[in-house]
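Asker: One structure, as structure tokens, below. Some questions next.
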Amino acid sequence: MKFVTSQIINASILWLCLVIGQSNALQSTVVDTWNGGFKGRFDIPLSESISNGWRVTLSFSQQVTNLQISNADIVSNNNNRIYVLENKSYNSIFTRGSLKMDFIANTNGNAGRRASVELEVLPPPTPERGPDEYQCTCGYRVDYIDSWTGHLKARVTIPLSTPATSGWTLFLQFSDPVSSMQVFNGDNRGTRDNGFIYKVKNLQHNAYVTDQLVQEFIVTFTGLQPIIYPQLKDSTSCNCTDVMTTSVPATKASTTQASQTTLQGSTHGPTSLTTQATERMAQTVCLVSSCTCGSSITVKGRWSDNVKGEFSIPITTATNSWNLELRFSVPVDNIQIWNAGEVSKSKDQTTYYLVNLNNNGNLSPGQILTMEFIATYSGTEEPVWDVKLSGQPVCGEPLAITTQQSAVTTQGTPLQTAGSGCLESICTCGSNVTVLDRWSGNVRGEFNIPITTETNSWNLELRFSAPVDDIQIWDAVEVSSSADQTTYYLVNAQYNSNLSPGQTLAMEFIATYSGAQEPVWDARLSGQPVCGPGQPAPQTTQPSPTTQSASNTQSASNTQSTVTTQSSTTTKSVATTQSSTTTQSTTQQATTQIASGCLVNTCTCGSSISVVTSLSGSLIGEFIIPVTTATTSWDVKLKFSVPVDDIQMSHAVVVSNSDDKKTYYLRNRYDNGNLSPGQTLRLRFVALYSGAEEPSVYDAELSDQPLCGDGQSTEQVTQSATTAKQITSSKPSATTTDQPATTTKGQSATTTAGQPATTTPGQSETTTGQQTATIKVQPATTTQGTEPVTVPGMPYPYYEVLEKSILFYEAQRSGTLPSSQRVTWRHNSFENDGNDNGVDLNGGWFDAGDYVKFGLPMAQSATVLAWGAIEFKDAYIAAQQWDWMLDCLKWATDYFLKCHTGPNEFYGQVGDGGADHAFWGRPEDYTGYRPSFKLDINNPGSDVAGETAAALAAASIVFRDSDATYADALLDSAAELYAFANNYRGIYHNSITNAGSYYASSGYGDELAWAAVWIYRANAAKGVATNHLIEAKNHYQTFNLQTEPWAFSWDDKKAGVQLLLYMITGESQYQTAIQNAINPWLPGGSVPYTPRGLAYRDQWGVNRYSANMAFLSLVAAEHIPSKATDYHNFAKSQINYMLGDGGRSYVVGFGNNPPTEPHHRSSSCPTSGTCNWNDFNAAGPNPQILYGALVGGPNNNDGFTNDRTDYIYNEITTDYNAGFQSAVAGIYELYLTGDTS
């Protein structure tokens, strides 16, 4: 069967005439033409289905030097004039509609040319062996579970008339040879007859079969996909045509299209066929025995070792929380998913276990749960997947998608005509739209816009009647979308920027939506006249910029570029990209251009460059170009010293690159084309490279601006004109971006949050009264951005509190301090800890204002800090503090690893409490008695060993993504310490008696359960199943941990155990227990309150107890939706009290009237000279600011006095800050996500 068509090509427009027999011709226009090439389209209507492939001959009237086509293979080329194309493996089947494809042809000129298209339908392939050549067991069933290139997964089910009591033998017979076979539950005895027949025997455990024999297997093949004919030895045989319904999915390939078929019968080929062929691959077959009924998957993109996918699941049963299994055909190293929480993965990395987020737990019948993800894999085979959603019905059969497909005919009248039919007030005159296809949650559409005004670049608004989750479009670049997702902003691609009068801009797209209403749309093209009833004269408008909401938080790897304008008064205004408001800086800057130079002959005068971050294979850079000439659109030539594989940026469109990949051409977005003299264009980008040399040298050339060049390197130094104290907000680079000052309530008058103290490594010092503080800025190792995210309405700058709390832990460091140490009034100390026992115990944190390293509170602090980092990582990233948080936590875990000197050994304390407390001075000046105390089988300490095991396990989850090797070391040590704690039980202060006067333990049962549940969770995060959950439950019962705890603290972990067990199991007994733990702290509960609203459990460290419970409340709120509002409000009331709502700040160096005399030895010492008990008794603030330290708190009437000698109210400890810092992160994340109750 052949279809003959003709195609006439003119210099500027390509017209396609398609003729089938003597039918009327169907006419279509080419997509675009340009000098030396054109983009064409053939569209061949089909009068009958194609089931086994096709071949197209494309003949041109003149030579085409290069033909590019995505959805066909070029099998031959005759003199560059006749190209023969064949189907890909995924699009060999068409049932109706048309065969439609785009191509790009490169020619040597623009002369008129003629081409013809000839379609040949290929005959069905003939199997090497038919069903009549075999005998099969009567009543057998074959389920073709999955198929991908060269592979077939299938299941055979054979009914037994009599039980197989002493074993069985199965012969799997194939129509075409099979290269190899993997059997899951049988013994593969190998092939017979050159791959046509395989023999399978029973295993020991399944030799006895009574009802039916079921076997699953995967075969590999190089030719045709085989048909399977099973025969069980000694069973009743029938002709192989007596088969039950068998379903065969189409073979998948590494492309962006697929077909699906349902096959019935016994012949080699479909007799009943349903096909969907789109630019997306949709699959509804299950990889394993069952998956959620009606679910489908889609391949949305792919690149090296990555596939971007989507799954859609129809909801038939209401639920307010859910979990989901995302199951892959091959191991997947990692997934990124944005609308679900990843709990764990299977050991073989083929299954990922997900749970709902706080904002999408409620699902109702009729809804569709749709999510995108990116899967990274290291194998040679691209994974396919299926899904299983809890609470929804499951199916074990392949599920066919049914669609109403129409490739050319419009399903409905055009939605747009000249002068009328616009969704909004006006749209481009004469434009029209067409529905080409639709399926569940998707519509494939097209718009056609007549060109009346010539242009060499364009932007377009594609506007929908209802929110659209995502669009796929191939001939335009998507720049952004409106906040309500009803408008998508597009710009031209490289090859179709030039539009001339008489042409028509025609484009197809796929819109994915999750609402009940299918969207309709219109289009508005820049530079073309607009129409609409009662509207003004045609005009061209630029869409307003889309502001990113705070809930869409930037991750550490996605650095946001900004366009910055600078006025002539050097007052900097920053375009807000992460908040709906713009914060005006009050910090003036003077920018000095030290040297101007270019890599090549020229670059824009005054431009400067910087390397923000350098990582293996990638570099984040920033260039700044002063604007001296006004322009409404611009181009930038970004030139590198070495080849760059790719660049990524948010605020410019990457148009093209040079052949040697050293130059990239950029163009303005729709919203930042206007530049005026005095402004500065500042753009940040990510450069990916594979060469040995880093592309750290580059320059930039901005169109229409004056050029300079003297062959020197370019450097810029930013000088701050402010005298405010500045703290680094992330590990800064040598050049930094300043942060606007904030007027947010509670911010310290002497601090600009997140701003580096200097632009080069060194020190900066300011003095306020008697207080001095020096903070050193270090070069970056990673970057998370330049500024913390601010949210309108946020009562305190929580990002600043996080930053300063982490600085407090730096001030508490013992041992040899690292080069990155920012608290520079601290120096190396106690570097010989452990020498008395011949071990290295250098490191760790001082417990409080003294210098003892008490193991129990230190480990509990680390556990709670790690827990907060796990639950509220986005808050640390938004605050630009994630790297510093990792650095903070690792200081403790490195020390714990040192203390774990053997399988049943752990050093639980360093320092003598009595001798230490008799000393007042700097730690480096201490020369007194400093013993180290070891726990072992003869001197057990289950509480300390168990708590440390919990800390190491929790920390392993935090480090899992960034350093899996280190995470494994932490988890291994945790498991060994837990075994030691569990096997050799005892209270630690009976072994380390010196600790009894300071941190006596009330028992170890809670620590055993605490350690077990954390080790279980850490292994689950690694994809390993262990028995630790069972052990945690046993400890829970044995030690009566269901009782209401007095508090959550260094000594009592019951509330934490209750919450974790509920989070993991969802069992009501644990929910009841954790609610009974939290509810007494709510207003009206049994815990009393101060007049200003602080829950007052005890006078000693009252802030600590309330902050710890605030943290637990925030975590619990994520899992108990009915209590979320109460728990959120409680947590915010307690933390905000400590930040200022109580009448003052209780955080040193932060907010209104902060504490100035914390009971803390080293910060009470002057920068130089002696320090002794005279300094303890001295009046006035401590000479050094102990930034971020949370003091004990007020009395029960909200009274507080700065008094260094009063250690009840002015004490600081590492465990005070742990729950407080984690709660601050949780509240900050509430504002980031917009969930502020």
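Within each chain, counting starts at residue 1; across the structure tokens, chains are named A, B, ... in the order shown, with ligands numbered 1 upward in that order.
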With a distance cut-off of 10 Å and only C-alpha atoms, select the neighbouring residues of stretch 184-195 of chain A, excluding the residue or stretch itself and same-chain residues fewer than 3 positions from it, and output the selection as an MDAnalysis selection string.

Answerer: chainID A and resid 168:181 198:207 214:218 221

Asker: Would you save the residues of that selection, restricted to N, CA and C atoms, as a PDB file, in the first residue's frame?

Answerer:
ATOM      1  N   TRP A 168       7.859 -30.430  39.340  1.00  0.00           N
ATOM      2  CA  TRP A 168       7.267 -30.185  38.025  1.00  0.00           C
ATOM      3  C   TRP A 168       8.337 -29.721  37.058  1.00  0.00           C
ATOM      4  N   THR A 169       8.030 -29.861  35.786  1.00  0.00           N
ATOM      5  CA  THR A 169       8.914 -29.403  34.708  1.00  0.00           C
ATOM      6  C   THR A 169       8.068 -28.619  33.715  1.00  0.00           C
ATOM      7  N   LEU A 170       8.516 -27.411  33.414  1.00  0.00           N
ATOM      8  CA  LEU A 170       7.794 -26.517  32.505  1.00  0.00           C
ATOM      9  C   LEU A 170       8.666 -26.228  31.290  1.00  0.00           C
ATOM     10  N   PHE A 171       8.076 -26.345  30.102  1.00  0.00           N
ATOM     11  CA  PHE A 171       8.766 -25.981  28.867  1.00  0.00           C
ATOM     12  C   PHE A 171       8.148 -24.682  28.350  1.00  0.00           C
ATOM     13  N   LEU A 172       8.997 -23.654  28.245  1.00  0.00           N
ATOM     14  CA  LEU A 172       8.565 -22.377  27.679  1.00  0.00           C
ATOM     15  C   LEU A 172       9.018 -22.337  26.226  1.00  0.00           C
ATOM     16  N   GLN A 173       8.043 -22.291  25.322  1.00  0.00           N
ATOM     17  CA  GLN A 173       8.297 -22.359  23.885  1.00  0.00           C
ATOM     18  C   GLN A 173       8.004 -20.997  23.273  1.00  0.00           C
ATOM     19  N   PHE A 174       8.850 -20.593  22.342  1.00  0.00           N
ATOM     20  CA  PHE A 174       8.768 -19.240  21.795  1.00  0.00           C
ATOM     21  C   PHE A 174       8.636 -19.275  20.284  1.00  0.00           C
ATOM     22  N   SER A 175       7.936 -18.261  19.747  1.00  0.00           N
ATOM     23  CA  SER A 175       7.782 -18.159  18.297  1.00  0.00           C
ATOM     24  C   SER A 175       9.069 -17.730  17.623  1.00  0.00           C
ATOM     25  N   ASP A 176       9.897 -16.985  18.327  1.00  0.00           N
ATOM     26  CA  ASP A 176      11.171 -16.507  17.797  1.00  0.00           C
ATOM     27  C   ASP A 176      12.240 -16.726  18.849  1.00  0.00           C
ATOM     28  N   PRO A 177      13.491 -16.878  18.441  1.00  0.00           N
ATOM     29  CA  PRO A 177      14.533 -17.277  19.397  1.00  0.00           C
ATOM     30  C   PRO A 177      14.742 -16.237  20.498  1.00  0.00           C
ATOM     31  N   VAL A 178      15.065 -16.756  21.674  1.00  0.00           N
ATOM     32  CA  VAL A 178      15.316 -15.949  22.865  1.00  0.00           C
ATOM     33  C   VAL A 178      16.779 -16.117  23.241  1.00  0.00           C
ATOM     34  N   SER A 179      17.459 -14.985  23.502  1.00  0.00           N
ATOM     35  CA  SER A 179      18.892 -15.040  23.795  1.00  0.00           C
ATOM     36  C   SER A 179      19.172 -15.554  25.202  1.00  0.00           C
ATOM     37  N   SER A 180      18.367 -15.132  26.161  1.00  0.00           N
ATOM     38  CA  SER A 180      18.574 -15.555  27.539  1.00  0.00           C
ATOM     39  C   SER A 180      17.251 -15.403  28.286  1.00  0.00           C
ATOM     40  N   MET A 181      17.196 -16.033  29.461  1.00  0.00           N
ATOM     41  CA  MET A 181      15.977 -15.960  30.248  1.00  0.00           C
ATOM     42  C   MET A 181      16.327 -15.950  31.731  1.00  0.00           C
ATOM     43  N   TYR A 198      12.905 -23.295  26.363  1.00  0.00           N
ATOM     44  CA  TYR A 198      13.659 -23.295  27.618  1.00  0.00           C
ATOM     45  C   TYR A 198      12.976 -24.239  28.603  1.00  0.00           C
ATOM     46  N   LYS A 199      13.798 -24.939  29.376  1.00  0.00           N
ATOM     47  CA  LYS A 199      13.302 -25.880  30.371  1.00  0.00           C
ATOM     48  C   LYS A 199      13.447 -25.273  31.755  1.00  0.00           C
ATOM     49  N   VAL A 200      12.355 -25.299  32.551  1.00  0.00           N
ATOM     50  CA  VAL A 200      12.339 -24.737  33.892  1.00  0.00           C
ATOM     51  C   VAL A 200      11.880 -25.815  34.863  1.00  0.00           C
ATOM     52  N   LYS A 201      12.630 -26.036  35.941  1.00  0.00           N
ATOM     53  CA  LYS A 201      12.274 -27.003  36.975  1.00  0.00           C
ATOM     54  C   LYS A 201      11.901 -26.274  38.259  1.00  0.00           C
ATOM     55  N   ASN A 202      11.187 -26.973  39.129  1.00  0.00           N
ATOM     56  CA  ASN A 202      10.812 -26.413  40.422  1.00  0.00           C
ATOM     57  C   ASN A 202      12.030 -26.206  41.308  1.00  0.00           C
ATOM     58  N   LEU A 203      11.875 -25.320  42.280  1.00  0.00           N
ATOM     59  CA  LEU A 203      12.835 -25.167  43.354  1.00  0.00           C
ATOM     60  C   LEU A 203      12.377 -26.031  44.528  1.00  0.00           C
ATOM     61  N   GLN A 204      13.181 -26.069  45.581  1.00  0.00           N
ATOM     62  CA  GLN A 204      12.841 -26.932  46.702  1.00  0.00           C
ATOM     63  C   GLN A 204      11.557 -26.483  47.391  1.00  0.00           C
ATOM     64  N   HIS A 205      11.360 -25.167  47.503  1.00  0.00           N
ATOM     65  CA  HIS A 205      10.225 -24.666  48.276  1.00  0.00           C
ATOM     66  C   HIS A 205       8.913 -24.715  47.513  1.00  0.00           C
ATOM     67  N   ASN A 206       8.957 -24.880  46.183  1.00  0.00           N
ATOM     68  CA  ASN A 206       7.683 -24.889  45.437  1.00  0.00           C
ATOM     69  C   ASN A 206       7.512 -26.166  44.609  1.00  0.00           C
ATOM     70  N   ALA A 207       8.046 -27.264  45.117  1.00  0.00           N
ATOM     71  CA  ALA A 207       7.875 -28.544  44.416  1.00  0.00           C
ATOM     72  C   ALA A 207       6.434 -29.039  44.512  1.00  0.00           C
ATOM     73  N   VAL A 214       2.261 -20.770  38.648  1.00  0.00           N
ATOM     74  CA  VAL A 214       2.487 -19.411  38.155  1.00  0.00           C
ATOM     75  C   VAL A 214       3.991 -19.153  38.138  1.00  0.00           C
ATOM     76  N   GLN A 215       4.493 -18.718  37.004  1.00  0.00           N
ATOM     77  CA  GLN A 215       5.909 -18.408  36.865  1.00  0.00           C
ATOM     78  C   GLN A 215       6.088 -17.084  36.125  1.00  0.00           C
ATOM     79  N   GLU A 216       6.956 -16.225  36.685  1.00  0.00           N
ATOM     80  CA  GLU A 216       7.311 -14.975  36.018  1.00  0.00           C
ATOM     81  C   GLU A 216       8.759 -15.062  35.553  1.00  0.00           C
ATOM     82  N   PHE A 217       9.051 -14.359  34.458  1.00  0.00           N
ATOM     83  CA  PHE A 217      10.395 -14.423  33.899  1.00  0.00           C
ATOM     84  C   PHE A 217      10.610 -13.238  32.979  1.00  0.00           C
ATOM     85  N   ILE A 218      11.863 -12.974  32.675  1.00  0.00           N
ATOM     86  CA  ILE A 218      12.261 -11.948  31.713  1.00  0.00           C
ATOM     87  C   ILE A 218      13.125 -12.613  30.656  1.00  0.00           C
ATOM     88  N   PHE A 221      15.891 -10.684  23.687  1.00  0.00           N
ATOM     89  CA  PHE A 221      15.830 -11.133  22.295  1.00  0.00           C
ATOM     90  C   PHE A 221      16.416 -10.054  21.408  1.00  0.00           C
TER      91      PHE A 221
END

Asker: Using only C-alpha atoms for the distances, tell me which of A:Thr680, A:Asn1136, A:Thr298, A:Ser641 is nearest to A:Ser607.

Answerer: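 Among A:Thr680, A:Asn1136, A:Thr298, A:Ser641, it is A:Thr680 that comes nearest to A:Ser607.
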
Asker: Which one is closest to A:Glu382: A:Leu897, A:Cys293, A:Leu232, A:Val299? Count only C-alpha atoms.

Answerer: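 That would be A:Val299, the residue with the smallest distance to A:Glu382.
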
Asker: Let me make sure I understand: among A:Trp34, A:Cys138, A:Lys1054, A:Ser237, which one has the smallest atom-to-atom distance to A:Thr107 if we use only C-alpha atoms?

Answerer: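 Under the stated criterion, the closest residue is A:Trp34.
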
Asker: List every residue of stretch 1007-1048 of chain A that DSSP, applied to the backbone of this structure, places in alpha helix (DSSP H), and write the result as an MDAnalysis selection string.

Answerer: chainID A and resid 1007:1022 1028:1038

Asker: Take the residues that were just selected and, keeping N, CA and C atoms, output them as a PDB file, in the first residue's frame.

Answerer:
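What ended up in part.pdb:
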ATOM      1  N   GLU A1007      16.399   5.725  75.966  1.00  0.00           N
ATOM      2  CA  GLU A1007      17.508   5.831  75.006  1.00  0.00           C
ATOM      3  C   GLU A1007      17.630   4.580  74.141  1.00  0.00           C
ATOM      4  N   LEU A1008      17.340   3.395  74.692  1.00  0.00           N
ATOM      5  CA  LEU A1008      17.391   2.181  73.870  1.00  0.00           C
ATOM      6  C   LEU A1008      16.345   2.236  72.763  1.00  0.00           C
ATOM      7  N   ALA A1009      15.126   2.621  73.108  1.00  0.00           N
ATOM      8  CA  ALA A1009      14.083   2.733  72.085  1.00  0.00           C
ATOM      9  C   ALA A1009      14.402   3.849  71.098  1.00  0.00           C
ATOM     10  N   TRP A1010      14.884   4.962  71.603  1.00  0.00           N
ATOM     11  CA  TRP A1010      15.272   6.128  70.798  1.00  0.00           C
ATOM     12  C   TRP A1010      16.339   5.733  69.780  1.00  0.00           C
ATOM     13  N   ALA A1011      17.359   5.027  70.233  1.00  0.00           N
ATOM     14  CA  ALA A1011      18.422   4.583  69.323  1.00  0.00           C
ATOM     15  C   ALA A1011      17.874   3.609  68.283  1.00  0.00           C
ATOM     16  N   ALA A1012      17.062   2.657  68.713  1.00  0.00           N
ATOM     17  CA  ALA A1012      16.556   1.641  67.787  1.00  0.00           C
ATOM     18  C   ALA A1012      15.696   2.267  66.702  1.00  0.00           C
ATOM     19  N   VAL A1013      14.832   3.196  67.077  1.00  0.00           N
ATOM     20  CA  VAL A1013      13.935   3.769  66.077  1.00  0.00           C
ATOM     21  C   VAL A1013      14.712   4.667  65.111  1.00  0.00           C
ATOM     22  N   TRP A1014      15.742   5.359  65.590  1.00  0.00           N
ATOM     23  CA  TRP A1014      16.548   6.178  64.684  1.00  0.00           C
ATOM     24  C   TRP A1014      17.378   5.307  63.731  1.00  0.00           C
ATOM     25  N   ILE A1015      17.899   4.205  64.244  1.00  0.00           N
ATOM     26  CA  ILE A1015      18.662   3.310  63.363  1.00  0.00           C
ATOM     27  C   ILE A1015      17.748   2.701  62.311  1.00  0.00           C
ATOM     28  N   TYR A1016      16.530   2.359  62.698  1.00  0.00           N
ATOM     29  CA  TYR A1016      15.567   1.850  61.704  1.00  0.00           C
ATOM     30  C   TYR A1016      15.308   2.905  60.637  1.00  0.00           C
ATOM     31  N   ARG A1017      15.060   4.140  61.061  1.00  0.00           N
ATOM     32  CA  ARG A1017      14.756   5.192  60.093  1.00  0.00           C
ATOM     33  C   ARG A1017      15.955   5.466  59.188  1.00  0.00           C
ATOM     34  N   ALA A1018      17.150   5.448  59.762  1.00  0.00           N
ATOM     35  CA  ALA A1018      18.349   5.705  58.954  1.00  0.00           C
ATOM     36  C   ALA A1018      18.578   4.595  57.935  1.00  0.00           C
ATOM     37  N   ASN A1019      18.355   3.357  58.323  1.00  0.00           N
ATOM     38  CA  ASN A1019      18.485   2.255  57.368  1.00  0.00           C
ATOM     39  C   ASN A1019      17.419   2.338  56.292  1.00  0.00           C
ATOM     40  N   ALA A1020      16.211   2.725  56.677  1.00  0.00           N
ATOM     41  CA  ALA A1020      15.148   2.880  55.686  1.00  0.00           C
ATOM     42  C   ALA A1020      15.512   3.963  54.674  1.00  0.00           C
ATOM     43  N   ALA A1021      16.140   5.037  55.135  1.00  0.00           N
ATOM     44  CA  ALA A1021      16.570   6.093  54.218  1.00  0.00           C
ATOM     45  C   ALA A1021      17.627   5.586  53.255  1.00  0.00           C
ATOM     46  N   LYS A1022      18.353   4.585  53.684  1.00  0.00           N
ATOM     47  CA  LYS A1022      19.384   3.971  52.836  1.00  0.00           C
ATOM     48  C   LYS A1022      18.804   2.887  51.944  1.00  0.00           C
ATOM     49  N   HIS A1028      15.168  -3.216  63.702  1.00  0.00           N
ATOM     50  CA  HIS A1028      15.252  -2.234  64.777  1.00  0.00           C
ATOM     51  C   HIS A1028      13.889  -1.654  65.142  1.00  0.00           C
ATOM     52  N   LEU A1029      12.960  -1.631  64.206  1.00  0.00           N
ATOM     53  CA  LEU A1029      11.628  -1.136  64.549  1.00  0.00           C
ATOM     54  C   LEU A1029      10.954  -2.082  65.542  1.00  0.00           C
ATOM     55  N   ILE A1030      11.110  -3.363  65.319  1.00  0.00           N
ATOM     56  CA  ILE A1030      10.547  -4.342  66.263  1.00  0.00           C
ATOM     57  C   ILE A1030      11.183  -4.165  67.633  1.00  0.00           C
ATOM     58  N   GLU A1031      12.489  -3.963  67.656  1.00  0.00           N
ATOM     59  CA  GLU A1031      13.172  -3.777  68.938  1.00  0.00           C
ATOM     60  C   GLU A1031      12.711  -2.492  69.618  1.00  0.00           C
ATOM     61  N   ALA A1032      12.505  -1.425  68.841  1.00  0.00           N
ATOM     62  CA  ALA A1032      12.023  -0.172  69.423  1.00  0.00           C
ATOM     63  C   ALA A1032      10.652  -0.366  70.046  1.00  0.00           C
ATOM     64  N   LYS A1033       9.784  -1.088  69.358  1.00  0.00           N
ATOM     65  CA  LYS A1033       8.455  -1.359  69.906  1.00  0.00           C
ATOM     66  C   LYS A1033       8.549  -2.184  71.187  1.00  0.00           C
ATOM     67  N   ASN A1034       9.453  -3.139  71.206  1.00  0.00           N
ATOM     68  CA  ASN A1034       9.619  -3.956  72.412  1.00  0.00           C
ATOM     69  C   ASN A1034      10.101  -3.111  73.587  1.00  0.00           C
ATOM     70  N   HIS A1035      11.079  -2.237  73.328  1.00  0.00           N
ATOM     71  CA  HIS A1035      11.542  -1.334  74.391  1.00  0.00           C
ATOM     72  C   HIS A1035      10.402  -0.432  74.860  1.00  0.00           C
ATOM     73  N   TYR A1036       9.609   0.012  73.920  1.00  0.00           N
ATOM     74  CA  TYR A1036       8.479   0.887  74.241  1.00  0.00           C
ATOM     75  C   TYR A1036       7.548   0.233  75.264  1.00  0.00           C
ATOM     76  N   GLN A1037       7.274  -1.055  75.042  1.00  0.00           N
ATOM     77  CA  GLN A1037       6.406  -1.774  75.967  1.00  0.00           C
ATOM     78  C   GLN A1037       7.128  -2.112  77.271  1.00  0.00           C
ATOM     79  N   THR A1038       8.358  -2.579  77.150  1.00  0.00           N
ATOM     80  CA  THR A1038       9.101  -3.029  78.332  1.00  0.00           C
ATOM     81  C   THR A1038       9.312  -1.901  79.333  1.00  0.00           C
TER      82      THR A1038
END

Asker: Find the residues near A:Leu675: any atom within 9 Å, counting only C-alpha atoms, skip ones fewer than 4 places away on the same chain, and give them as a list in words.

Answerer: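 Everything that qualifies: Thr565, Val627, Thr628, Thr629, Ala630, Thr631, Thr632, Ser633, Trp634, Gln679, Thr680 and Leu681 of chain A.
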
Asker: Which residue gives the smallest distance to A:Asn323 among A:Ala1107, A:Ile69, A:Val355, A:Leu952, with only C-alpha atoms counted?

Answerer: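 Closest candidate: A:Val355.
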
Asker: Under the rule that only C-alpha atoms are counted, which of A:Thr1167, A:Gln880, A:Thr1201, A:Thr1065 is the nearest residue to A:Asn1153?

Answerer: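 Ranking A:Thr1167, A:Gln880, A:Thr1201, A:Thr1065 by distance to A:Asn1153, first place goes to A:Thr1201.
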